[in-house]
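Enquirer: First, the structure itself, so that you have it in front of you.
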Amino acid sequence: MLKRPLRGGAILALTTALLAACSTTALRPDAPSAASAPPVATVAEAYVSTASPEEELDSLATWPGDQGSTWLIATGKSSHRLVVFDADSGERLLESGSEGSAPGQFDRPNGITVYGDHLFVAERDNHRVQVLSLPELTPLGSFGEAQLRSPYGIWLHETEPGELEVYITDSFQYGKKFDVVPPFNELDQRVRRYRVQFDQDGRLRTSYAGSFGDTREESALRMVESLAGDPSNDRLLIADEDRRHESTLREYTFSGRYTGRSLPQDSFKAEAEGVALWTCPDGGGYWIAVDQLSPLTVFHLFDRITLQPRGSFHGNTTAYTDGVALHAAATERFPGGALFAVHDDKSVTAFDLRDVAHTLGLTQGCVE
């Protein structure tokens, strides 16, 4: 969820009224009614890590290390650092960083993603994306300072060997409480795009490739954070959290064109949040999107190609989730892969994808 602290350390969250005040929105003609929606299944968490409320954990990424273990890396917004867990057990391994603007320091880190042995971290209040090498977490450089105003989510893909296209949501707001959506003509800056390369010496080279976002009242991106893409189908799904209008995931092409499609609004009872793509060997798969509910987060699955609903589940504990990370590769504990989620800003949880597939009757080839 988008939050903006007062400078000087005091955190000013969006008001309870914002979370509750959702204007009535007509359902799309092709959207299933709430009465016809299937029941939400229960999938027990494989683990829930030890709580650390002081971190205010937000977003997650995984990194398969060279020692056979997999890291689960989380951003700590209030602690201004990264927290690393063992992905198989939830054991806390280490922390990295402190508050500041120097290389290796962070100011309200939020979105995070991994490419090879490079970690990309979007820092909201340093207005940049910082790149670090893994596993040492050595800072390599940063980019975006000239354009980014309030970066939140980040997603990237490789367009050519060693060349990346990086998409970053920029959810700048106005007003004393930073809860006033900018005028529509400024909402074409909601997603910024960068081209990134690493030269033969490992140095970072970047260039700004512009911004995009629909500016029509009925479909503009108002409060954005999470996003994820599917290169095989030229599809970006971008979560709009603003329930004062319509909280859903909207579909864009990689060129920045809004397709006019979004996920059914009645799928989300709270804020549409974290999103991840679960790909299957046959070319199919599922989008997983967070419905940021309490006492239990609901995870909705949609067909990779058609975007039609394929089932929903919750755990026994996981609530009020911001970020998720899907790790489809086999690990010792999760041979079919795992979905990782943030629980209530203070813990990380894990779901075995074999349990999800079995419970929802999904294609078993995705976990074999």
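The way I read the labels, and the way they are meant: chains A, B, ... in the order of the structure tokens, residue 1 as the first residue of every chain, and ligand 1 as the first ligand shown, with later ones counted on from there.
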Where does DSSP see helix (DSSP H, G or I) in region 70-313 of chain A, if you list the residues as a list of chain:residue names?

Expert: A:Phe184, A:Asn185, A:Glu186, A:Leu187, A:Asp188, A:Gln189, A:Pro231, A:Ser232, A:Asn233, A:Gln265, A:Asp266, A:Ser267

Enquirer: Running DSSP on the backbone, which parts of region 91-232 of chain A land in strand (DSSP E or B), as an MDAnalysis selection string?

Expert: chainID A and resid 92:96 99 106 109:115 118:123 128:133 138:143 151:160 163:170 174 180 191:198 204:212 224:230

Enquirer: What's the separation between CA of Gly141 (chain A) and CA of Leu204 (chain A), in Å to one decimal place?

Expert: 6.4 Å

Enquirer: Extract, using only C-alpha atoms, all DNA, RNA and protein residues at most 6 Å from Asp107 (chain A), discarding same-chain residues fewer than 3 positions from it, and format them as a ChimeraX atom specification.

Expert: /A:80,99-100,123,125-126

Enquirer: Give me, as a list of chain:residue names, all polymer residues having an atom no more than 10 Å from Gly285 (chain A), counting only C-alpha atoms and skipping those fewer than 4 positions away in the same chain.

Expert: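 Residues meeting the cut-off are A:Leu277, A:Trp278, A:Thr279, A:Cys280, A:Pro281, A:Leu301, A:Phe302, A:Asp303, A:Arg304, A:Ile305, A:Leu362, A:Thr363, A:Gly365, A:Cys366.
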
Enquirer: For Ser69 (chain A), list every protein, DNA or RNA residue within 8 Å, evaluated using only C-alpha atoms, and leave out those in the same chain fewer than 5 positions away; present the list as a PyMOL selection string.

Expert: chain A and resi 64+86-88+331

Enquirer: For the residues selected in the previous step, produce a file with N, CA and C atoms as a PDB file, in the first residue's frame.

Expert:
```
ATOM      1  N   PRO A  64      18.842 -17.328  -6.525  1.00  0.00           N
ATOM      2  CA  PRO A  64      19.420 -18.652  -6.311  1.00  0.00           C
ATOM      3  C   PRO A  64      20.932 -18.549  -6.198  1.00  0.00           C
ATOM      4  N   ASP A  86      16.520 -17.116   4.375  1.00  0.00           N
ATOM      5  CA  ASP A  86      16.650 -18.370   3.653  1.00  0.00           C
ATOM      6  C   ASP A  86      15.275 -18.728   3.103  1.00  0.00           C
ATOM      7  N   ALA A  87      15.172 -18.864   1.783  1.00  0.00           N
ATOM      8  CA  ALA A  87      13.855 -19.057   1.174  1.00  0.00           C
ATOM      9  C   ALA A  87      13.218 -20.383   1.549  1.00  0.00           C
ATOM     10  N   ASP A  88      14.021 -21.394   1.872  1.00  0.00           N
ATOM     11  CA  ASP A  88      13.461 -22.699   2.217  1.00  0.00           C
ATOM     12  C   ASP A  88      12.932 -22.768   3.642  1.00  0.00           C
ATOM     13  N   THR A 331      13.615 -25.943  -5.332  1.00  0.00           N
ATOM     14  CA  THR A 331      14.560 -25.867  -4.225  1.00  0.00           C
ATOM     15  C   THR A 331      14.412 -27.149  -3.409  1.00  0.00           C
TER      16      THR A 331
END
```

Enquirer: Within 8 Å of Val48 (chain A), counting only C-alpha atoms, which residues show up once you throw out same-chain ones fewer than 5 positions away? Write them as a list in words, please.

Expert: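 Using only C-alpha atoms, the neighbours found are Gly90, Thr317, Ser347, Val348, Thr349 and Ala350 of chain A.
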
Enquirer: Write the residues you've just listed into a file as a PDB file, in the first residue's frame, and include N, CA, C and O atoms for each of them.

Expert:
```pdb
ATOM      1  N   GLY A  90      12.736 -19.668   5.923  1.00  0.00           N
ATOM      2  CA  GLY A  90      12.310 -18.409   6.514  1.00  0.00           C
ATOM      3  C   GLY A  90      13.266 -17.883   7.558  1.00  0.00           C
ATOM      4  O   GLY A  90      12.999 -16.860   8.197  1.00  0.00           O
ATOM      5  N   THR A 317      -2.603 -17.601   8.042  1.00  0.00           N
ATOM      6  CA  THR A 317      -2.017 -16.489   8.784  1.00  0.00           C
ATOM      7  C   THR A 317      -1.831 -15.239   7.930  1.00  0.00           C
ATOM      8  O   THR A 317      -2.105 -14.121   8.378  1.00  0.00           O
ATOM      9  N   SER A 347       6.603  -9.979   8.622  1.00  0.00           N
ATOM     10  CA  SER A 347       7.095 -11.342   8.418  1.00  0.00           C
ATOM     11  C   SER A 347       7.044 -11.677   6.939  1.00  0.00           C
ATOM     12  O   SER A 347       6.391 -11.001   6.149  1.00  0.00           O
ATOM     13  N   VAL A 348       7.726 -12.777   6.585  1.00  0.00           N
ATOM     14  CA  VAL A 348       7.570 -13.353   5.257  1.00  0.00           C
ATOM     15  C   VAL A 348       6.964 -14.740   5.413  1.00  0.00           C
ATOM     16  O   VAL A 348       7.219 -15.438   6.394  1.00  0.00           O
ATOM     17  N   THR A 349       6.139 -15.114   4.450  1.00  0.00           N
ATOM     18  CA  THR A 349       5.513 -16.429   4.471  1.00  0.00           C
ATOM     19  C   THR A 349       5.760 -17.117   3.143  1.00  0.00           C
ATOM     20  O   THR A 349       6.114 -16.482   2.141  1.00  0.00           O
ATOM     21  N   ALA A 350       5.562 -18.441   3.114  1.00  0.00           N
ATOM     22  CA  ALA A 350       5.793 -19.220   1.904  1.00  0.00           C
ATOM     23  C   ALA A 350       4.640 -20.189   1.683  1.00  0.00           C
ATOM     24  O   ALA A 350       4.134 -20.799   2.629  1.00  0.00           O
TER      25      ALA A 350
END
```

Enquirer: Between A:Ile168, A:Gln197, A:His157, A:Glu145, which one has atoms that come closest to Ser232 (chain A), using only C-alpha atoms?

Expert: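 Looking at the shortest contact to Ser232 (chain A), the residue is A:His157.
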
Enquirer: Here is a test: counting only C-alpha atoms, which residue of A:Ser312, A:Asn185, A:Asn110, A:Thr169 is nearest to Arg124 (chain A)?

Expert: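 Under the stated criterion, the closest residue is A:Asn110.
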
Enquirer: As a PyMOL selection string, please: the residues near region 49-54 of chain A (cut-off 9 Å, only C-alpha atoms, same-chain neighbours under 3 positions excluded).

Expert: chain A and resi 57+76+78-79+85+89-92+343-350

Enquirer: Atoms to include: all heavy atoms. Write the selected residues as a tab-separated table (two decimals), in the first residue's frame.

Expert:
```
chain	number	residue	atom	x	y	z
A	57	LEU	N	8.35	-4.39	6.34
A	57	LEU	CA	8.71	-5.09	5.11
A	57	LEU	C	7.69	-4.79	4.01
A	57	LEU	O	6.51	-4.64	4.27
A	57	LEU	CB	8.76	-6.60	5.37
A	57	LEU	CG	9.75	-7.06	6.44
A	57	LEU	CD1	9.63	-8.57	6.64
A	57	LEU	CD2	11.18	-6.69	6.07
A	76	GLY	N	13.02	-3.21	3.67
A	76	GLY	CA	12.50	-2.68	4.94
A	76	GLY	C	12.32	-1.18	4.81
A	76	GLY	O	13.30	-0.42	4.84
A	78	SER	N	10.86	1.13	6.83
A	78	SER	CA	11.13	1.96	8.01
A	78	SER	C	12.55	1.81	8.51
A	78	SER	O	13.12	2.74	9.09
A	78	SER	CB	10.15	1.61	9.14
A	78	SER	OG	8.84	2.05	8.82
A	79	SER	N	13.15	0.64	8.30
A	79	SER	CA	14.54	0.42	8.74
A	79	SER	C	15.54	0.88	7.70
A	79	SER	O	16.74	0.94	7.98
A	79	SER	CB	14.76	-1.06	9.06
A	79	SER	OG	14.53	-1.86	7.90
A	85	PHE	N	16.46	-13.54	3.91
A	85	PHE	CA	16.00	-14.76	4.56
A	85	PHE	C	16.42	-15.97	3.72
A	85	PHE	O	16.63	-15.86	2.51
A	85	PHE	CB	14.46	-14.77	4.67
A	85	PHE	CG	13.87	-13.63	5.44
A	85	PHE	CD1	13.60	-12.42	4.81
A	85	PHE	CD2	13.57	-13.77	6.79
A	85	PHE	CE1	13.03	-11.36	5.51
A	85	PHE	CE2	13.02	-12.71	7.50
A	85	PHE	CZ	12.74	-11.51	6.86
A	89	SER	N	13.49	-21.96	4.53
A	89	SER	CA	13.12	-22.09	5.94
A	89	SER	C	12.51	-20.83	6.55
A	89	SER	O	11.86	-20.89	7.59
A	89	SER	CB	14.36	-22.46	6.77
A	89	SER	OG	15.31	-21.40	6.76
A	90	GLY	N	12.74	-19.67	5.92
A	90	GLY	CA	12.31	-18.41	6.51
A	90	GLY	C	13.27	-17.88	7.56
A	90	GLY	O	13.00	-16.86	8.20
A	91	GLU	N	14.40	-18.56	7.75
A	91	GLU	CA	15.40	-18.10	8.72
A	91	GLU	C	16.02	-16.79	8.24
A	91	GLU	O	16.40	-16.65	7.08
A	91	GLU	CB	16.50	-19.15	8.89
A	91	GLU	CG	17.63	-18.72	9.82
A	91	GLU	CD	18.79	-19.69	9.82
A	91	GLU	OE1	18.71	-20.71	9.12
A	91	GLU	OE2	19.79	-19.40	10.50
A	92	ARG	N	16.14	-15.85	9.16
A	92	ARG	CA	16.76	-14.57	8.84
A	92	ARG	C	18.28	-14.75	8.78
A	92	ARG	O	18.90	-15.23	9.73
A	92	ARG	CB	16.38	-13.55	9.91
A	92	ARG	CG	16.77	-12.12	9.61
A	92	ARG	CD	16.17	-11.22	10.66
A	92	ARG	NE	16.53	-9.84	10.51
A	92	ARG	CZ	15.67	-8.82	10.56
A	92	ARG	NH1	14.38	-9.06	10.76
A	92	ARG	NH2	16.06	-7.58	10.42
A	343	HIS	N	3.72	-10.70	5.23
A	343	HIS	CA	2.60	-10.78	6.17
A	343	HIS	C	2.62	-9.58	7.11
A	343	HIS	O	3.56	-9.42	7.90
A	343	HIS	CB	2.68	-12.08	6.98
A	343	HIS	CG	1.83	-12.08	8.22
A	343	HIS	ND1	0.47	-11.85	8.20
A	343	HIS	CD2	2.16	-12.27	9.53
A	343	HIS	CE1	0.00	-11.90	9.43
A	343	HIS	NE2	1.00	-12.14	10.26
A	344	ASP	N	1.61	-8.71	6.97
A	344	ASP	CA	1.38	-7.63	7.92
A	344	ASP	C	2.60	-6.75	8.15
A	344	ASP	O	2.82	-6.26	9.26
A	344	ASP	CB	0.88	-8.21	9.24
A	344	ASP	CG	0.16	-7.18	10.10
A	344	ASP	OD1	-0.36	-6.20	9.54
A	344	ASP	OD2	0.12	-7.37	11.33
A	345	ASP	N	3.41	-6.56	7.12
A	345	ASP	CA	4.60	-5.68	7.16
A	345	ASP	C	5.71	-6.18	8.09
A	345	ASP	O	6.69	-5.46	8.28
A	345	ASP	CB	4.21	-4.25	7.60
A	345	ASP	CG	3.33	-3.54	6.60
A	345	ASP	OD1	3.23	-4.02	5.46
A	345	ASP	OD2	2.74	-2.51	6.96
A	346	LYS	N	5.57	-7.38	8.65
A	346	LYS	CA	6.55	-7.78	9.68
A	346	LYS	C	7.14	-9.17	9.51
A	346	LYS	O	8.09	-9.52	10.21
A	346	LYS	CB	5.90	-7.68	11.06
A	346	LYS	CG	4.68	-8.56	11.26
A	346	LYS	CD	4.00	-8.25	12.59
A	346	LYS	CE	2.74	-9.10	12.78
A	346	LYS	NZ	2.01	-8.74	14.03
A	347	SER	N	6.60	-9.98	8.62
A	347	SER	CA	7.09	-11.34	8.42
A	347	SER	C	7.04	-11.68	6.94
A	347	SER	O	6.39	-11.00	6.15
A	347	SER	CB	6.25	-12.37	9.19
A	347	SER	OG	6.18	-12.08	10.56
A	348	VAL	N	7.73	-12.78	6.58
A	348	VAL	CA	7.57	-13.35	5.26
A	348	VAL	C	6.96	-14.74	5.41
A	348	VAL	O	7.22	-15.44	6.39
A	348	VAL	CB	8.91	-13.42	4.49
A	348	VAL	CG1	9.42	-12.02	4.22
A	348	VAL	CG2	9.95	-14.23	5.25
A	349	THR	N	6.14	-15.11	4.45
A	349	THR	CA	5.51	-16.43	4.47
A	349	THR	C	5.76	-17.12	3.14
A	349	THR	O	6.11	-16.48	2.14
A	349	THR	CB	4.00	-16.34	4.73
A	349	THR	OG1	3.36	-15.72	3.61
A	349	THR	CG2	3.70	-15.50	5.97
A	350	ALA	N	5.56	-18.44	3.11
A	350	ALA	CA	5.79	-19.22	1.90
A	350	ALA	C	4.64	-20.19	1.68
A	350	ALA	O	4.13	-20.80	2.63
A	350	ALA	CB	7.11	-19.99	2.01
```

Enquirer: What is the CA of Glu56 (chain A)-CA of Asp170 (chain A) distance in Å, reported with one decimal?

Expert: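 The value is 20.2 Å.
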
Enquirer: Please report the interatomic distance between CA of Arg149 (chain A) and CA of Arg128 (chain A) in Å with one decimal.

Expert: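 Taking CA of Arg149 (chain A) and CA of Arg128 (chain A), their separation equals 8.4 Å.
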
Enquirer: For each of A:Leu156, A:Ala341, A:Val181, A:Ala41, take the minimum atom-to-atom distance to Asp322 (chain A), counting only C-alpha atoms, then give the residue where this is smallest.

Expert: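 The closest residue to Asp322 (chain A) is A:Ala341.
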
Enquirer: So, with only C-alpha atoms as the atoms that count, which of A:Phe254, A:Ile288, A:Val342, A:Asn316 lies closest to Glu55 (chain A)?

Expert: A:Val342

Enquirer: Hey, which of A:Ala122, A:Leu237, A:Ala102, A:Leu60 ends up closest to Thr321 (chain A)? Count only C-alpha atoms.

Expert: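 When distances to Thr321 (chain A) are compared using only C-alpha atoms, the smallest one comes from A:Leu60.
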
Enquirer: Using only C-alpha atoms, can you tell me which of A:Gly284, A:His327, A:Leu227, A:Leu293 comes closest to Gln364 (chain A)?

Expert: A:Gly284
